[in-house]
>>> print(open('run-v9.pdb').read())   # PDB, C-alpha atoms
ATOM      1  CA  VAL X   1     -12.435   4.758  -8.781  1.00  0.00           C
ATOM      2  CA  GLN X   2     -10.263   7.592  -7.457  1.00  0.00           C
ATOM      3  CA  LEU X   3      -7.646   6.962  -4.803  1.00  0.00           C
ATOM      4  CA  GLN X   4      -6.237   9.679  -2.562  1.00  0.00           C
ATOM      5  CA  ALA X   5      -3.182   8.858  -0.479  1.00  0.00           C
ATOM      6  CA  SER X   6      -2.259  11.008   2.500  1.00  0.00           C
ATOM      7  CA  GLY X   7      -0.282  11.049   5.716  1.00  0.00           C
ATOM      8  CA  GLY X   8       3.272  11.038   4.431  1.00  0.00           C
ATOM      9  CA  GLY X   9       5.936  13.184   6.028  1.00  0.00           C
ATOM     10  CA  LEU X  10       9.340  13.354   7.653  1.00  0.00           C
ATOM     11  CA  VAL X  11      10.117  10.968  10.506  1.00  0.00           C
ATOM     12  CA  GLN X  12      13.286   9.936  12.279  1.00  0.00           C
ATOM     13  CA  SER X  13      14.757   6.479  11.984  1.00  0.00           C
ATOM     14  CA  GLY X  14      12.990   4.136  14.389  1.00  0.00           C
ATOM     15  CA  GLY X  15       9.839   6.227  14.335  1.00  0.00           C
ATOM     16  CA  SER X  16       6.324   5.427  13.164  1.00  0.00           C
ATOM     17  CA  LEU X  17       3.923   6.813  10.613  1.00  0.00           C
ATOM     18  CA  ARG X  18       0.496   5.838   9.329  1.00  0.00           C
ATOM     19  CA  ILE X  19      -0.500   6.619   5.781  1.00  0.00           C
ATOM     20  CA  SER X  20      -4.013   6.357   4.410  1.00  0.00           C
ATOM     21  CA  CYS X  21      -5.690   5.839   1.075  1.00  0.00           C
ATOM     22  CA  ALA X  22      -9.286   6.922   0.597  1.00  0.00           C
ATOM     23  CA  ALA X  23     -11.304   5.579  -2.312  1.00  0.00           C
ATOM     24  CA  SER X  24     -14.156   7.387  -4.015  1.00  0.00           C
ATOM     25  CA  GLY X  25     -16.245   6.835  -7.081  1.00  0.00           C
ATOM     26  CA  ARG X  26     -17.359   3.315  -7.977  1.00  0.00           C
ATOM     27  CA  THR X  27     -16.781   1.834  -4.542  1.00  0.00           C
ATOM     28  CA  SER X  28     -19.896  -0.320  -4.571  1.00  0.00           C
ATOM     29  CA  ARG X  29     -17.717  -3.298  -5.344  1.00  0.00           C
ATOM     30  CA  THR X  30     -14.874  -4.464  -3.160  1.00  0.00           C
ATOM     31  CA  TYR X  31     -11.312  -4.220  -4.377  1.00  0.00           C
ATOM     32  CA  ALA X  32      -8.149  -5.738  -3.086  1.00  0.00           C
ATOM     33  CA  MET X  33      -5.822  -2.908  -2.106  1.00  0.00           C
ATOM     34  CA  GLY X  34      -2.083  -2.650  -2.284  1.00  0.00           C
ATOM     35  CA  TRP X  35       0.727  -0.311  -1.333  1.00  0.00           C
ATOM     36  CA  PHE X  36       3.781   0.119  -3.510  1.00  0.00           C
ATOM     37  CA  ARG X  37       6.729   2.453  -3.133  1.00  0.00           C
ATOM     38  CA  GLN X  38       9.278   4.018  -5.389  1.00  0.00           C
ATOM     39  CA  ALA X  39      12.551   5.499  -4.238  1.00  0.00           C
ATOM     40  CA  PRO X  40      14.551   7.909  -6.434  1.00  0.00           C
ATOM     41  CA  GLY X  41      16.299   6.048  -9.213  1.00  0.00           C
ATOM     42  CA  LYS X  42      14.630   2.751  -8.365  1.00  0.00           C
ATOM     43  CA  GLU X  43      11.736   0.772  -9.742  1.00  0.00           C
ATOM     44  CA  ARG X  44       8.365   0.671  -8.061  1.00  0.00           C
ATOM     45  CA  GLU X  45       8.236  -2.199  -5.574  1.00  0.00           C
ATOM     46  CA  PHE X  46       5.501  -4.047  -3.753  1.00  0.00           C
ATOM     47  CA  VAL X  47       5.075  -3.258  -0.064  1.00  0.00           C
ATOM     48  CA  ALA X  48       1.816  -4.803   1.151  1.00  0.00           C
ATOM     49  CA  ALA X  49      -1.641  -5.888   0.032  1.00  0.00           C
ATOM     50  CA  ILE X  50      -4.941  -6.789   1.623  1.00  0.00           C
ATOM     51  CA  SER X  51      -7.765  -8.856   0.179  1.00  0.00           C
ATOM     52  CA  GLY X  52     -11.187  -7.416  -0.506  1.00  0.00           C
ATOM     53  CA  SER X  53     -12.635  -8.918   2.641  1.00  0.00           C
ATOM     54  CA  GLY X  54      -9.638  -7.866   4.718  1.00  0.00           C
ATOM     55  CA  GLY X  55      -9.119 -11.443   5.789  1.00  0.00           C
ATOM     56  CA  SER X  56      -5.771 -11.894   4.076  1.00  0.00           C
ATOM     57  CA  THR X  57      -2.709  -9.682   4.106  1.00  0.00           C
ATOM     58  CA  TYR X  58       0.595  -9.937   2.267  1.00  0.00           C
ATOM     59  CA  TYR X  59       3.913  -8.218   2.831  1.00  0.00           C
ATOM     60  CA  ALA X  60       7.250  -7.789   1.175  1.00  0.00           C
ATOM     61  CA  ASP X  61      10.036  -9.415   3.158  1.00  0.00           C
ATOM     62  CA  SER X  62      11.672  -6.028   3.697  1.00  0.00           C
ATOM     63  CA  VAL X  63       8.725  -4.716   5.726  1.00  0.00           C
ATOM     64  CA  LYS X  64       7.356  -7.875   7.330  1.00  0.00           C
ATOM     65  CA  GLY X  65       7.041  -7.441  11.065  1.00  0.00           C
ATOM     66  CA  ARG X  66       7.307  -3.648  10.844  1.00  0.00           C
ATOM     67  CA  PHE X  67       4.400  -2.608   8.614  1.00  0.00           C
ATOM     68  CA  THR X  68       0.718  -3.476   8.966  1.00  0.00           C
ATOM     69  CA  ILE X  69      -1.918  -3.017   6.285  1.00  0.00           C
ATOM     70  CA  SER X  70      -5.572  -2.736   7.256  1.00  0.00           C
ATOM     71  CA  ARG X  71      -8.826  -1.517   5.776  1.00  0.00           C
ATOM     72  CA  ASP X  72     -12.111  -0.001   6.877  1.00  0.00           C
ATOM     73  CA  ASN X  73     -14.609  -0.857   4.164  1.00  0.00           C
ATOM     74  CA  ALA X  74     -17.282   1.344   5.757  1.00  0.00           C
ATOM     75  CA  LYS X  75     -14.976   4.323   5.212  1.00  0.00           C
ATOM     76  CA  ASN X  76     -13.549   3.068   1.887  1.00  0.00           C
ATOM     77  CA  THR X  77     -10.102   3.584   3.358  1.00  0.00           C
ATOM     78  CA  VAL X  78      -6.980   1.447   3.592  1.00  0.00           C
ATOM     79  CA  TYR X  79      -4.139   2.158   5.997  1.00  0.00           C
ATOM     80  CA  LEU X  80      -0.459   1.335   6.223  1.00  0.00           C
ATOM     81  CA  GLN X  81       0.945   1.514   9.728  1.00  0.00           C
ATOM     82  CA  MET X  82       4.725   1.765   9.504  1.00  0.00           C
ATOM     83  CA  ASN X  83       6.801   1.141  12.622  1.00  0.00           C
ATOM     84  CA  ASN X  84      10.548   1.042  13.218  1.00  0.00           C
ATOM     85  CA  LEU X  85      11.102   3.023  10.043  1.00  0.00           C
ATOM     86  CA  LYS X  86      14.506   2.946   8.404  1.00  0.00           C
ATOM     87  CA  PRO X  87      16.163   5.388   5.989  1.00  0.00           C
ATOM     88  CA  GLU X  88      15.779   2.792   3.232  1.00  0.00           C
ATOM     89  CA  ASP X  89      11.994   3.089   3.615  1.00  0.00           C
ATOM     90  CA  THR X  90      12.227   6.591   2.150  1.00  0.00           C
ATOM     91  CA  ALA X  91      10.088   6.660  -0.991  1.00  0.00           C
ATOM     92  CA  VAL X  92       6.886   7.850  -2.559  1.00  0.00           C
ATOM     93  CA  TYR X  93       4.183   5.447  -1.432  1.00  0.00           C
ATOM     94  CA  TYR X  94       1.357   4.653  -3.839  1.00  0.00           C
ATOM     95  CA  CYS X  95      -1.910   2.917  -3.116  1.00  0.00           C
ATOM     96  CA  ALA X  96      -3.637   0.842  -5.755  1.00  0.00           C
ATOM     97  CA  ALA X  97      -6.884  -1.080  -6.212  1.00  0.00           C
ATOM     98  CA  ALA X  98      -7.320  -4.448  -7.921  1.00  0.00           C
ATOM     99  CA  SER X  99     -10.715  -5.624  -9.141  1.00  0.00           C
ATOM    100  CA  LYS X 100      -9.699  -9.251  -8.525  1.00  0.00           C
ATOM    101  CA  ALA X 101     -10.465  -8.973  -4.830  1.00  0.00           C
ATOM    102  CA  ASP X 102      -9.648 -12.367  -3.344  1.00  0.00           C
ATOM    103  CA  TYR X 103      -6.865 -14.100  -5.238  1.00  0.00           C
ATOM    104  CA  SER X 104      -3.887 -15.762  -3.616  1.00  0.00           C
ATOM    105  CA  GLY X 105      -1.102 -13.612  -2.234  1.00  0.00           C
ATOM    106  CA  ARG X 106       1.565 -13.412  -4.923  1.00  0.00           C
ATOM    107  CA  TYR X 107      -1.042 -12.276  -7.448  1.00  0.00           C
ATOM    108  CA  TYR X 108      -0.916  -8.861  -5.800  1.00  0.00           C
ATOM    109  CA  TYR X 109       2.843  -8.433  -5.871  1.00  0.00           C
ATOM    110  CA  THR X 110       2.824  -7.224  -9.473  1.00  0.00           C
ATOM    111  CA  PRO X 111       1.834  -3.631 -10.323  1.00  0.00           C
ATOM    112  CA  GLU X 112       0.133  -4.779 -13.534  1.00  0.00           C
ATOM    113  CA  ARG X 113      -2.541  -6.607 -11.469  1.00  0.00           C
ATOM    114  CA  TYR X 114      -3.953  -3.289 -10.273  1.00  0.00           C
ATOM    115  CA  ASP X 115      -6.603  -1.281 -12.070  1.00  0.00           C
ATOM    116  CA  TYR X 116      -6.448   2.063 -10.255  1.00  0.00           C
ATOM    117  CA  TRP X 117      -3.629   4.085  -8.698  1.00  0.00           C
ATOM    118  CA  GLY X 118      -3.432   7.017  -6.325  1.00  0.00           C
ATOM    119  CA  GLN X 119      -1.082   9.960  -6.695  1.00  0.00           C
ATOM    120  CA  GLY X 120       1.421   8.945  -4.017  1.00  0.00           C
ATOM    121  CA  THR X 121       2.513  10.358  -0.699  1.00  0.00           C
ATOM    122  CA  LEU X 122       6.150  11.006   0.206  1.00  0.00           C
ATOM    123  CA  VAL X 123       7.664   9.333   3.249  1.00  0.00           C
ATOM    124  CA  THR X 124      11.124  10.510   4.288  1.00  0.00           C
ATOM    125  CA  VAL X 125      13.030   8.765   7.049  1.00  0.00           C
ATOM    126  CA  SER X 126      16.043  10.607   8.402  1.00  0.00           C
ATOM    127  CA  SER X 127      18.989   8.794   9.963  1.00  0.00           C
TER     128      SER X 127
END
>>> encode(input="run-v9.pdb", output="structure tokens")
Amino acid sequence: VQLQASGGGLVQSGGSLRISCAASGRTSRTYAMGWFRQAPGKEREFVAAISGSGGSTYYADSVKGRFTISRDNAKNTVYLQMNNLKPEDTAVYYCAAASKADYSGRYYYTPERYDYWGQGTLVTVSS
């Protein structure tokens, strides 16, 4: 499975941005999908995840209420809508796919649970 993240860019504090992750390759099975981010000098951290069916979503406390993860299985694409962005949201955002598609929430908080990773898209929030 290949993952291609896109949609990053420069946005002002308080603004919105939607990033996407398109999957190709062995997409005949359904994967749970996650977004992680990594700021300069910091470790990669969990942002959000969505189950294979799309029926369950999970968020880091730092983005809850501001970010929304969704998926369109017909298009093999997952989205992250980011509203009320803050300078501390500045990071490279990575999408990832987990073959364990419908486990309970905290399972997806750990990068090691994911089997495939995209190349990342840079989101910069100016103050």
>>> resolve_selection(input="run-v9.pdb", expression="the PyMOL selection byres ((chain X and resi 97) around 7)", output="list in words")
Tyr31, Ala32, Met33, Gly34, Ala96, Ala98, Ser99, Tyr114, Asp115, Tyr116 and Trp117 of chain X
>>> residues_around(input="run-v9.pdb", residues="Gly105 of chain X", least_positions_apart="2", cutoff="12 Å", atoms="only C-alpha atoms", output="JSON, numbers by chain")
{"X": [32, 33, 34, 46, 48, 49, 50, 51, 52, 55, 56, 57, 58, 59, 60, 100, 101, 102, 103, 107, 108, 109, 110, 113]}
>>> atom_distance(input="run-v9.pdb", atom1="atom CA of Arg18 of chain X", atom2="atom CA of Tyr79 of chain X")
6.8 Å
>>> atom_distance(input="run-v9.pdb", atom1="atom CA of Glu45 of chain X", atom2="atom CA of Tyr93 of chain X")
9.6 Å
>>> axis_aligned_box(input="run-v9.pdb", around="segment 26-30 of chain X", padding_each_side="3 Å", output="lines of an AutoDock Vina configuration file")
center_x = -17.4
center_y = -0.6
center_z = -5.6
size_x = 11.0
size_y = 13.8
size_z = 10.8
>>> closest_residue(input="run-v9.pdb", among="X:Ser104, X:Lys86, X:Val92, X:Pro111", to="Val123 of chain X", atoms="only C-alpha atoms")
X:Val92
>>> atom_distance(input="run-v9.pdb", atom1="atom CA of Arg71 of chain X", atom2="atom CA of Ala23 of chain X")
11.0 Å
>>> closest_residue(input="run-v9.pdb", among="X:Asn84, X:Ser6, X:Thr90, X:Thr27", to="Lys42 of chain X", atoms="only C-alpha atoms")
X:Thr90
>>> closest_residue(input="run-v9.pdb", among="X:Tyr94, X:Asp89, X:Gly120, X:Val11", to="Ser62 of chain X", atoms="all atoms listed in the file")
X:Asp89
>>> residues_near_point(input="run-v9.pdb", point="(-17.3, 5.3, 5.3)", cutoff="12 Å", atoms="all atoms listed in the file", output="VMD selection string")
chain X and resid 22 to 24 27 to 28 71 to 78
>>> closest_residue(input="run-v9.pdb", among="X:Ser16, X:Gln38, X:Thr124, X:Gln119", to="Met82 of chain X", atoms="all atoms listed in the file")
X:Ser16
>>> closest_residue(input="run-v9.pdb", among="X:Glu43, X:Gly65, X:Gly25, X:Arg37", to="Gly8 of chain X", atoms="all atoms listed in the file")
X:Arg37
>>> closest_residue(input="run-v9.pdb", among="X:Thr121, X:Gln12, X:Thr30, X:Ser20", to="Leu80 of chain X", atoms="all atoms listed in the file")
X:Ser20
>>> residues_around(input="run-v9.pdb", residues="Ser13 of chain X", least_positions_apart="5", cutoff="9 Å", atoms="all atoms listed in the file", output="VMD selection string")
chain X and resid 84 to 87 125 to 127
